[in-house]
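Okay, upload05.cif is below, mmCIF, C-alpha atoms:
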data_data
loop_
_atom_site.group_PDB
_atom_site.id
_atom_site.type_symbol
_atom_site.label_atom_id
_atom_site.label_comp_id
_atom_site.auth_asym_id
_atom_site.auth_seq_id
_atom_site.Cartn_x
_atom_site.Cartn_y
_atom_site.Cartn_z
ATOM 1 C CA MET A 1 35.519 -20.261 -16.779
ATOM 2 C CA SER A 2 38.533 -21.015 -19.074
ATOM 3 C CA SER A 3 40.334 -18.439 -21.195
ATOM 4 C CA THR A 4 39.364 -20.359 -24.350
ATOM 5 C CA ARG A 5 35.681 -20.275 -23.341
ATOM 6 C CA ASN A 6 35.929 -16.551 -22.570
ATOM 7 C CA ARG A 7 37.370 -15.804 -26.000
ATOM 8 C CA GLN A 8 34.665 -17.812 -27.730
ATOM 9 C CA LEU A 9 31.944 -15.987 -25.770
ATOM 10 C CA LEU A 10 33.266 -12.607 -26.889
ATOM 11 C CA LYS A 11 33.813 -13.750 -30.478
ATOM 12 C CA ASP A 12 30.212 -14.968 -30.682
ATOM 13 C CA TYR A 13 29.029 -11.741 -29.032
ATOM 14 C CA LEU A 14 30.713 -9.587 -31.695
ATOM 15 C CA GLN A 15 29.150 -11.725 -34.430
ATOM 16 C CA HIS A 16 25.649 -11.741 -32.854
ATOM 17 C CA LYS A 17 25.776 -15.507 -32.282
ATOM 18 C CA ASN A 18 25.275 -15.565 -28.513
ATOM 19 C CA SER A 19 22.261 -17.261 -26.981
ATOM 20 C CA GLY A 20 20.173 -15.199 -24.528
ATOM 21 C CA PRO A 21 21.968 -16.361 -21.326
ATOM 22 C CA GLU A 22 25.429 -16.072 -22.922
ATOM 23 C CA LYS A 23 24.703 -12.578 -24.213
ATOM 24 C CA GLU A 24 23.522 -11.573 -20.709
ATOM 25 C CA ILE A 25 26.808 -12.806 -19.198
ATOM 26 C CA VAL A 26 28.859 -10.629 -21.567
ATOM 27 C CA ASP A 27 26.499 -7.654 -21.190
ATOM 28 C CA ASN A 28 26.724 -7.825 -17.375
ATOM 29 C CA TRP A 29 30.507 -8.112 -17.468
ATOM 30 C CA TYR A 30 30.842 -5.327 -20.015
ATOM 31 C CA GLN A 31 28.692 -3.062 -17.818
ATOM 32 C CA GLN A 32 31.239 -3.497 -15.033
ATOM 33 C CA LEU A 33 34.106 -2.136 -17.152
ATOM 34 C CA ASP A 34 33.078 1.417 -16.290
ATOM 35 C CA ASP A 35 33.454 0.585 -12.599
ATOM 36 C CA ALA A 36 36.738 -1.324 -12.885
ATOM 37 C CA ASP A 37 40.115 0.277 -12.251
ATOM 38 C CA PRO A 38 41.805 1.456 -15.495
ATOM 39 C CA ILE A 39 44.465 -0.812 -16.977
ATOM 40 C CA SER A 40 47.986 0.554 -16.994
ATOM 41 C CA MET A 41 50.590 -0.565 -19.593
ATOM 42 C CA ASP A 42 53.717 0.863 -21.233
ATOM 43 C CA ALA A 43 53.896 1.924 -24.901
ATOM 44 C CA ARG A 44 55.554 -1.332 -26.027
ATOM 45 C CA LYS A 45 52.889 -3.479 -24.377
ATOM 46 C CA GLU A 46 50.088 -1.280 -25.755
ATOM 47 C CA ALA A 47 51.416 -1.640 -29.302
ATOM 48 C CA GLN A 48 51.684 -5.406 -28.865
ATOM 49 C CA VAL A 49 48.104 -5.661 -27.604
ATOM 50 C CA LYS A 50 46.796 -3.579 -30.523
ATOM 51 C CA GLU A 51 48.495 -5.889 -33.004
ATOM 52 C CA GLN A 52 47.013 -8.930 -31.283
ATOM 53 C CA ILE A 53 43.544 -7.392 -31.306
ATOM 54 C CA TRP A 54 43.711 -6.468 -34.950
ATOM 55 C CA ALA A 55 44.972 -9.939 -35.868
ATOM 56 C CA SER A 56 41.966 -11.404 -34.019
ATOM 57 C CA ILE A 57 39.219 -9.251 -35.508
ATOM 58 C CA ALA A 58 40.502 -8.520 -39.036
ATOM 59 C CA PRO A 59 39.664 -11.949 -40.532
ATOM 60 C CA GLY A 60 36.114 -11.731 -39.257
ATOM 61 C CA ILE A 61 35.651 -8.267 -40.708
ATOM 62 C CA LYS A 62 36.923 -9.346 -44.152
ATOM 63 C CA THR A 63 34.815 -12.507 -44.220
ATOM 64 C CA HIS A 64 31.550 -11.027 -42.913
ATOM 65 C CA LYS A 65 31.903 -7.422 -43.927
ATOM 66 C CA GLU A 66 28.198 -6.776 -44.416
ATOM 67 C CA ALA A 67 26.777 -9.093 -41.773
ATOM 68 C CA ILE A 68 28.876 -8.017 -38.801
ATOM 69 C CA LYS A 69 28.173 -4.796 -36.969
ATOM 70 C CA ILE A 70 30.850 -4.181 -34.358
ATOM 71 C CA ARG A 71 28.924 -3.280 -31.192
ATOM 72 C CA LEU A 72 31.917 -2.092 -29.214
ATOM 73 C CA SER A 73 34.250 0.747 -30.085
ATOM 74 C CA TRP A 74 37.809 -0.327 -31.006
ATOM 75 C CA LEU A 75 39.262 0.992 -27.776
ATOM 76 C CA ARG A 76 36.689 -0.827 -25.623
ATOM 77 C CA ALA A 77 37.349 -4.018 -27.549
ATOM 78 C CA ALA A 78 40.996 -3.513 -26.661
ATOM 79 C CA ALA A 79 40.091 -3.250 -22.988
ATOM 80 C CA ILE A 80 37.980 -6.408 -23.173
ATOM 81 C CA LEU A 81 40.633 -8.534 -24.864
ATOM 82 C CA THR A 82 43.395 -7.173 -22.664
ATOM 83 C CA THR A 83 41.526 -8.148 -19.515
ATOM 84 C CA ILE A 84 40.183 -11.456 -20.821
ATOM 85 C CA GLY A 85 42.388 -13.428 -18.452
ATOM 86 C CA SER A 86 40.750 -11.798 -15.456
ATOM 87 C CA LEU A 87 37.151 -12.262 -16.601
ATOM 88 C CA ALA A 88 36.398 -14.955 -14.026
ATOM 89 C CA LEU A 89 37.849 -12.796 -11.247
ATOM 90 C CA LEU A 90 35.511 -9.943 -12.145
ATOM 91 C CA PHE A 91 32.513 -12.287 -11.958
ATOM 92 C CA TRP A 92 33.444 -13.282 -8.398
ATOM 93 C CA LYS A 93 34.714 -9.979 -7.047
ATOM 94 C CA THR A 94 34.229 -9.797 -3.262
ATOM 95 C CA PRO A 95 32.566 -6.611 -1.850
ATOM 96 C CA VAL A 96 34.885 -4.460 0.271
ATOM 97 C CA PRO A 97 33.360 -3.014 3.481
ATOM 98 C CA GLY A 98 32.907 0.738 3.307
ATOM 99 C CA LYS A 99 32.853 0.824 -0.506
ATOM 100 C CA SER A 100 30.244 0.533 -3.241
ATOM 101 C CA THR A 101 30.551 -2.614 -5.360
ATOM 102 C CA LYS A 102 28.612 -4.470 -8.044
ATOM 103 C CA ASN A 103 27.345 -8.014 -7.334
ATOM 104 C CA ASN A 104 26.539 -10.357 -10.191
ATOM 105 C CA CYS A 105 23.077 -11.834 -10.214
ATOM 106 C CA PRO A 106 20.816 -13.475 -12.824
ATOM 107 C CA GLY A 107 18.557 -10.444 -13.251
ATOM 108 C CA GLY A 108 21.281 -7.808 -13.273
ATOM 109 C CA CYS A 109 23.911 -6.299 -11.024
ATOM 110 C CA PHE A 110 22.918 -4.972 -7.611
ATOM 111 C CA THR A 111 24.987 -2.161 -6.148
ATOM 112 C CA THR A 112 26.111 -2.965 -2.600
ATOM 113 C CA VAL A 113 27.020 -0.247 -0.102
ATOM 114 C CA SER A 114 28.375 -1.068 3.349
ATOM 115 C CA THR A 115 30.035 0.567 6.340
ATOM 116 C CA GLN A 116 32.687 -0.603 8.777
ATOM 117 C CA THR A 117 32.737 -0.511 12.571
ATOM 118 C CA GLY A 118 32.252 3.067 13.750
ATOM 119 C CA GLU A 119 31.686 4.396 10.219
ATOM 120 C CA ARG A 120 28.656 6.364 8.977
ATOM 121 C CA LYS A 121 28.068 7.035 5.318
ATOM 122 C CA ASN A 122 25.761 9.304 3.268
ATOM 123 C CA VAL A 123 24.480 7.982 -0.063
ATOM 124 C CA THR A 124 22.476 9.866 -2.716
ATOM 125 C CA LEU A 125 20.515 7.623 -5.088
ATOM 126 C CA PRO A 126 19.863 8.485 -8.768
ATOM 127 C CA ASP A 127 16.309 9.658 -7.995
ATOM 128 C CA GLY A 128 17.545 12.196 -5.411
ATOM 129 C CA THR A 129 16.743 10.049 -2.362
ATOM 130 C CA ASN A 130 19.256 10.478 0.468
ATOM 131 C CA LEU A 131 20.330 7.621 2.736
ATOM 132 C CA MET A 132 22.533 7.592 5.813
ATOM 133 C CA LEU A 133 24.005 4.253 6.869
ATOM 134 C CA ASN A 134 24.895 3.609 10.490
ATOM 135 C CA SER A 135 27.916 1.598 11.630
ATOM 136 C CA VAL A 136 28.277 -1.947 10.225
ATOM 137 C CA SER A 137 25.350 -1.673 7.794
ATOM 138 C CA THR A 138 24.839 -3.120 4.321
ATOM 139 C CA ILE A 139 22.303 -2.303 1.606
ATOM 140 C CA ARG A 140 21.776 -3.536 -1.949
ATOM 141 C CA ILE A 141 20.302 -1.224 -4.596
ATOM 142 C CA SER A 142 18.153 -2.575 -7.431
ATOM 143 C CA PRO A 143 19.965 -2.899 -10.801
ATOM 144 C CA ASP A 144 17.185 -1.029 -12.635
ATOM 145 C CA PHE A 145 16.889 1.799 -10.111
ATOM 146 C CA PRO A 146 15.150 4.297 -10.364
ATOM 147 C CA ALA A 147 12.650 2.566 -12.714
ATOM 148 C CA LYS A 148 12.101 0.167 -9.810
ATOM 149 C CA ARG A 149 12.981 1.909 -6.567
ATOM 150 C CA ILE A 150 13.925 -1.140 -4.508
ATOM 151 C CA VAL A 151 16.566 -1.262 -1.769
ATOM 152 C CA GLN A 152 17.408 -4.327 0.307
ATOM 153 C CA LEU A 153 18.545 -3.648 3.858
ATOM 154 C CA ILE A 154 20.728 -6.683 4.427
ATOM 155 C CA ASP A 155 21.938 -5.734 7.896
ATOM 156 C CA GLY A 156 22.259 -2.645 10.075
ATOM 157 C CA GLU A 157 20.487 0.691 10.416
ATOM 158 C CA VAL A 158 19.606 3.264 7.758
ATOM 159 C CA PHE A 159 17.849 6.627 7.711
ATOM 160 C CA PHE A 160 15.871 7.189 4.495
ATOM 161 C CA ASP A 161 14.871 10.615 3.148
ATOM 162 C CA VAL A 162 12.908 9.501 0.093
ATOM 163 C CA LYS A 163 12.321 11.748 -2.926
ATOM 164 C CA HIS A 164 8.596 11.921 -3.700
ATOM 165 C CA ASP A 165 7.580 10.060 -6.863
ATOM 166 C CA PRO A 166 3.900 8.995 -7.070
ATOM 167 C CA LYS A 167 4.552 6.789 -10.120
ATOM 168 C CA HIS A 168 7.369 4.796 -8.535
ATOM 169 C CA PRO A 169 6.863 3.636 -4.938
ATOM 170 C CA PHE A 170 10.049 3.278 -2.895
ATOM 171 C CA ILE A 171 10.364 -0.221 -1.425
ATOM 172 C CA ILE A 172 12.740 -1.461 1.280
ATOM 173 C CA LYS A 173 13.046 -5.179 1.931
ATOM 174 C CA SER A 174 14.553 -6.169 5.280
ATOM 175 C CA GLY A 175 14.077 -9.787 6.237
ATOM 176 C CA ARG A 176 10.367 -10.532 6.575
ATOM 177 C CA LEU A 177 9.466 -6.831 6.532
ATOM 178 C CA THR A 178 8.636 -4.872 3.395
ATOM 179 C CA THR A 179 8.364 -1.097 3.762
ATOM 180 C CA GLN A 180 6.757 0.990 1.001
ATOM 181 C CA VAL A 181 6.587 4.782 0.694
ATOM 182 C CA LEU A 182 6.144 7.484 -1.936
ATOM 183 C CA GLY A 183 8.119 10.257 -0.287
ATOM 184 C CA THR A 184 8.929 10.483 3.397
ATOM 185 C CA ALA A 185 11.687 10.378 6.026
ATOM 186 C CA PHE A 186 12.058 7.407 8.356
ATOM 187 C CA ASN A 187 14.576 5.224 10.153
ATOM 188 C CA ILE A 188 14.933 1.428 10.061
ATOM 189 C CA ARG A 189 17.054 -0.509 12.545
ATOM 190 C CA ALA A 190 17.426 -4.115 11.408
ATOM 191 C CA TYR A 191 20.673 -5.460 12.813
ATOM 192 C CA SER A 192 20.519 -9.213 12.276
ATOM 193 C CA GLN A 193 21.938 -9.922 15.753
ATOM 194 C CA LEU A 194 19.171 -7.994 17.494
ATOM 195 C CA GLY A 195 15.891 -9.720 18.229
ATOM 196 C CA LYS A 196 13.914 -6.567 17.455
ATOM 197 C CA MET A 197 13.517 -4.503 14.281
ATOM 198 C CA THR A 198 12.198 -0.930 14.499
ATOM 199 C CA ILE A 199 10.807 1.562 11.991
ATOM 200 C CA GLY A 200 10.314 5.182 13.068
ATOM 201 C CA VAL A 201 8.654 7.848 10.901
ATOM 202 C CA LEU A 202 9.956 11.404 11.045
ATOM 203 C CA ARG A 203 7.918 12.773 8.136
ATOM 204 C CA GLY A 204 5.127 11.523 5.881
ATOM 205 C CA LYS A 205 3.487 8.103 5.834
ATOM 206 C CA VAL A 206 4.955 4.586 5.681
ATOM 207 C CA GLY A 207 3.341 1.255 4.897
ATOM 208 C CA VAL A 208 4.899 -1.828 6.501
ATOM 209 C CA ARG A 209 3.958 -5.404 5.702
ATOM 210 C CA VAL A 210 5.159 -8.536 7.450
ATOM 211 C CA ASP A 211 4.982 -11.773 5.459
ATOM 212 C CA ASN A 212 1.493 -13.297 5.615
ATOM 213 C CA GLN A 213 0.157 -10.468 7.802
ATOM 214 C CA PRO A 214 -1.965 -7.364 7.090
ATOM 215 C CA SER A 215 -0.150 -4.108 6.335
ATOM 216 C CA HIS A 216 0.420 -1.469 9.009
ATOM 217 C CA PHE A 217 0.493 2.237 8.227
ATOM 218 C CA LEU A 218 2.668 4.605 10.240
ATOM 219 C CA ILE A 219 2.440 8.381 10.150
ATOM 220 C CA LYS A 220 4.754 11.102 11.404
ATOM 221 C CA GLY A 221 5.655 10.571 15.049
ATOM 222 C CA GLN A 222 4.919 6.821 15.110
ATOM 223 C CA GLN A 223 7.226 3.858 15.563
ATOM 224 C CA MET A 224 6.767 0.146 14.989
ATOM 225 C CA ALA A 225 8.743 -2.615 16.730
ATOM 226 C CA TYR A 226 8.775 -6.132 15.280
ATOM 227 C CA GLN A 227 9.959 -9.020 17.469
ATOM 228 C CA ARG A 228 11.663 -11.673 15.370
ATOM 229 C CA ASN A 229 11.165 -14.583 17.764
ATOM 230 C CA ASP A 230 7.382 -14.443 18.159
ATOM 231 C CA GLN A 231 6.617 -12.168 15.159
ATOM 232 C CA THR A 232 4.644 -9.718 17.294
ATOM 233 C CA ILE A 233 4.228 -6.045 16.400
ATOM 234 C CA GLN A 234 3.953 -3.065 18.729
ATOM 235 C CA LEU A 235 3.102 0.507 17.735
ATOM 236 C CA THR A 236 4.369 3.331 19.958
ATOM 237 C CA PRO A 237 5.087 7.078 19.741
ATOM 238 C CA LEU A 238 8.397 7.827 18.044
ATOM 239 C CA ASP A 239 11.366 8.390 20.342
ATOM 240 C CA GLU A 240 13.554 10.714 18.268
ATOM 241 C CA GLN A 241 16.494 9.945 20.551
ATOM 242 C CA ASN A 242 16.753 6.692 18.627
ATOM 243 C CA MET A 243 17.907 8.738 15.631
ATOM 244 C CA ALA A 244 20.681 10.502 17.546
ATOM 245 C CA TRP A 245 23.208 8.171 15.900
ATOM 246 C CA GLN A 246 23.081 10.494 12.880
ATOM 247 C CA LYS A 247 24.714 13.165 15.053
ATOM 248 C CA GLY A 248 27.388 10.814 16.344
ATOM 249 C CA ASN A 249 25.737 9.483 19.506
ATOM 250 C CA LEU A 250 24.892 5.997 20.668
ATOM 251 C CA VAL A 251 21.682 6.062 22.690
ATOM 252 C CA LEU A 252 20.893 3.148 24.976
ATOM 253 C CA ASN A 253 17.267 3.485 25.987
ATOM 254 C CA ASN A 254 16.381 0.755 28.495
ATOM 255 C CA ALA A 255 18.498 -1.618 26.397
ATOM 256 C CA SER A 256 18.913 -5.211 27.522
ATOM 257 C CA PHE A 257 22.418 -6.483 28.316
ATOM 258 C CA GLU A 258 22.461 -8.355 25.005
ATOM 259 C CA GLU A 259 21.382 -5.281 23.034
ATOM 260 C CA MET A 260 23.926 -3.097 24.858
ATOM 261 C CA SER A 261 26.799 -5.484 24.150
ATOM 262 C CA ILE A 262 25.831 -5.832 20.456
ATOM 263 C CA LEU A 263 25.612 -2.066 19.932
ATOM 264 C CA MET A 264 28.921 -1.498 21.742
ATOM 265 C CA ALA A 265 30.534 -3.988 19.373
ATOM 266 C CA LYS A 266 28.969 -2.330 16.301
ATOM 267 C CA ASN A 267 30.002 1.178 17.309
ATOM 268 C CA PHE A 268 33.279 0.687 19.163
ATOM 269 C CA GLY A 269 34.553 -2.693 18.036
ATOM 270 C CA ILE A 270 34.712 -4.142 21.554
ATOM 271 C CA GLN A 271 33.237 -7.318 22.990
ATOM 272 C CA VAL A 272 31.469 -6.823 26.329
ATOM 273 C CA TYR A 273 30.663 -9.793 28.570
ATOM 274 C CA THR A 274 29.817 -10.640 32.177
ATOM 275 C CA ASN A 275 29.895 -13.701 34.373
ATOM 276 C CA ASN A 276 27.280 -12.188 36.675
ATOM 277 C CA GLN A 277 23.902 -13.756 35.868
ATOM 278 C CA ASN A 278 22.033 -10.857 37.490
ATOM 279 C CA LEU A 279 23.723 -8.383 35.152
ATOM 280 C CA LYS A 280 22.456 -10.332 32.156
ATOM 281 C CA THR A 281 18.919 -9.316 33.110
ATOM 282 C CA LYS A 282 19.819 -5.658 33.719
ATOM 283 C CA HIS A 283 18.782 -2.827 31.357
ATOM 284 C CA PHE A 284 20.970 0.116 30.374
ATOM 285 C CA THR A 285 20.140 3.750 29.642
ATOM 286 C CA THR A 286 22.768 6.293 28.623
ATOM 287 C CA THR A 287 24.053 8.406 25.726
ATOM 288 C CA ILE A 288 27.649 8.072 24.523
ATOM 289 C CA SER A 289 29.541 9.940 21.803
ATOM 290 C CA THR A 290 30.655 7.454 19.175
ATOM 291 C CA SER A 291 33.897 9.418 18.810
ATOM 292 C CA ALA A 292 34.950 8.385 22.334
ATOM 293 C CA PRO A 293 37.636 5.687 22.720
ATOM 294 C CA ALA A 294 36.169 2.235 23.281
ATOM 295 C CA LEU A 295 37.429 1.869 26.861
ATOM 296 C CA LYS A 296 36.190 5.341 27.792
ATOM 297 C CA ALA A 297 32.757 4.578 26.335
ATOM 298 C CA MET A 298 32.476 1.456 28.460
ATOM 299 C CA GLU A 299 33.651 3.340 31.544
ATOM 300 C CA ILE A 300 30.723 5.742 31.046
ATOM 301 C CA VAL A 301 28.229 2.861 30.860
ATOM 302 C CA ALA A 302 29.685 1.277 34.000
ATOM 303 C CA ALA A 303 29.831 4.520 36.011
ATOM 304 C CA ILE A 304 26.201 5.453 35.302
ATOM 305 C CA HIS A 305 25.014 2.020 36.437
ATOM 306 C CA GLN A 306 27.445 1.817 39.380
ATOM 307 C CA LEU A 307 29.377 -1.078 37.927
ATOM 308 C CA LYS A 308 33.027 -1.845 37.296
ATOM 309 C CA ILE A 309 34.900 -3.004 34.206
ATOM 310 C CA LYS A 310 38.097 -4.873 33.520
ATOM 311 C CA LYS A 311 39.875 -5.013 30.162
ATOM 312 C CA ARG A 312 40.995 -8.484 29.118
ATOM 313 C CA ARG A 313 42.866 -8.423 25.802
ATOM 314 C CA ASN A 314 40.239 -7.418 23.205
ATOM 315 C CA ASP A 315 37.296 -7.992 25.532
ATOM 316 C CA ILE A 316 35.851 -5.988 28.419
ATOM 317 C CA GLU A 317 34.306 -7.656 31.426
ATOM 318 C CA ILE A 318 31.645 -5.734 33.314
ATOM 319 C CA TYR A 319 30.756 -6.696 36.898
#

Taking this structure as input, can you express it in the form of structure tokens?
Amino acid sequence: MSSTRNRQLLKDYLQHKNSGPEKEIVDNWYQQLDDADPISMDARKEAQVKEQIWASIAPGIKTHKEAIKIRLSWLRAAAILTTIGSLALLFWKTPVPGKSTKNNCPGGCFTTVSTQTGERKNVTLPDGTNLMLNSVSTIRISPDFPAKRIVQLIDGEVFFDVKHDPKHPFIIKSGRLTTQVLGTAFNIRAYSQLGKMTIGVLRGKVGVRVDNQPSHFLIKGQQMAYQRNDQTIQLTPLDEQNMAWQKGNLVLNNASFEEMSILMAKNFGIQVYTNNQNLKTKHFTTTISTSAPALKAMEIVAAIHQLKIKKRRNDIEIY
């Protein structure tokens, strides 16, 4: 978007001439000003900007004194016009892992929260709901939260402790699964690289619906596993060890070689591989502290299963 077009958009906005879509563009951008880093300038530059702003808005005020109602305070108008050159950059700001950011979208701005390798993060939503994100996880929070309590689990694993609100169901969308609750505590693992998604209920009741299938209801102490490849569902008793990641532990519970290698990468940032075809069919069971160094963590896995490892640059071979 050109600087000339940006200026015209804002001029029309101040004079109530914007069409619906154009007004929404300015409204969405203006909403982001509160989240943007403050602009720093010296006294000389500030005085120059003020003069430029006044020169721009004074003619309009004199000509349309009664018709125009300035919707922005003078200081906020100053911030808008000062940053006009970077308007397009704000629209296309890239989310930074480990931080909360705003993403532009037609219906409003979602808030994105993500974590890096080995990082866990606690998030409290406006309604009092508490979330804990596991390593390498990403969620998007509805722009009109808490009026519509919707969270998208894009990738990763999250523990939800949902504040009870009978008038506003809490909805989590993760791929083909939609989870709906009123107030409960549960865990969802939905790493995109894993072939299986799991939902385990620690407290309360959870409704889970897969696209084009009947809903399933889970109560305290139940767990549901959804296989992506064949879309099958299995209900089992909850294994609370699967939630030990909240206390800083990685639990491998009869994990396949593929699952083990993916989780090692997510938690320790290492790539594990083998040239032994028999090992690719082996399953792994162990508990490792996620604070352990990557090589030490892999040594523990190998020792328990009577295997050996060899470090090769950034990869680890197990045999």

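Here CA of Phe186 (chain A) is placed at a distance of 4.3 Å from CA of Val201 (chain A).
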
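For the pair CA of Arg203 (chain A) and CA of Gly221 (chain A), the interatomic distance is 7.6 Å.
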
With the file shown as input, list the residues that the PyMOL selection byres ((chain A and resi 187) around 6) selects, as a short mmCIF file (atom, residue, chain, number, x, y, z; two decimals) with C-alpha atoms, keeping the file's coordinate frame.
data_model
loop_
_atom_site.label_atom_id
_atom_site.label_comp_id
_atom_site.auth_asym_id
_atom_site.auth_seq_id
_atom_site.Cartn_x
_atom_site.Cartn_y
_atom_site.Cartn_z
CA VAL A 158 19.61 3.26 7.76
CA PHE A 159 17.85 6.63 7.71
CA PHE A 186 12.06 7.41 8.36
CA ILE A 188 14.93 1.43 10.06
CA ILE A 199 10.81 1.56 11.99
CA GLY A 200 10.31 5.18 13.07
#

Review point. Exactly which residues make up the result of the PyMOL selection byres ((chain A and resi 118) around 8) on this file, given as a ChimeraX atom specification?
Key: /A:116-117,119-120,135-136,266-269,290

Review point. Got a sec to resolve the PyMOL selection byres ((chain A and resi 224) around 6) on this structure and send the residues as a PyMOL selection string?
Key: chain A and resi 198-199+223+225+234-235

Revision key, fill the gap. CA of Leu133 (chain A) sits from CA of Lys121 (chain A) at a separation of 5.2 Å

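The closest residue to Gly183 (chain A), picked from A:Leu250, A:Leu307, A:Leu202, A:Ala292 and counting all atoms listed in the file, is A:Leu202.
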
**Study point:** Neighbour residues at most 10 Å from (-0.5, 7.1, 6.2) (only C-alpha atoms) as a list in words
**Key:** Val181, Gly204, Lys205, Val206, Gly207, His216, Phe217, Leu218, Ile219 and Lys220 of chain A

Counting all atoms listed in the file, what is within 8 Å of Asn242 (chain A), bar same-chain residues fewer than 3 positions away, as a compact mmCIF listing (two decimals) with C-alpha atoms, in the coordinates of the input?
# COMPACT_ATOMS: atom_id res chain seq x y z
CA ASP A 239 11.37 8.39 20.34
CA TRP A 245 23.21 8.17 15.90
CA VAL A 251 21.68 6.06 22.69

Revision key, fill the gap. Of A:Lys173, A:Lys148, A:Lys296, A:His305, the one nearest to His283 (chain A) when counting all atoms listed in the file is A:His305

Practice item. Just the residues within 12 Å of Glu259 (chain A), please, counting only C-alpha atoms, with nothing from its chain fewer than 5 positions along; format it as a ChimeraX atom specification. Key: /A:191-197,251-254,264-266,272-273,280-285

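Residue nearest Met260 (chain A), chosen from A:Thr286, A:Asn276, A:Thr236, A:Asn314 and counting all atoms listed in the file: A:Thr286.
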
Check your understanding: Using all atoms listed in the file, which residues sit within 6 Å of Ile318 (chain A) once same-chain residues fewer than 5 positions away are excluded, as a list in words?
Key -> Thr274, Lys308 and Ile309 of chain A

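Using all atoms listed in the file, the smallest distance between any of A:Pro126, A:Gly156, A:Pro237, A:Pro143 and Ile262 (chain A) comes from A:Gly156.
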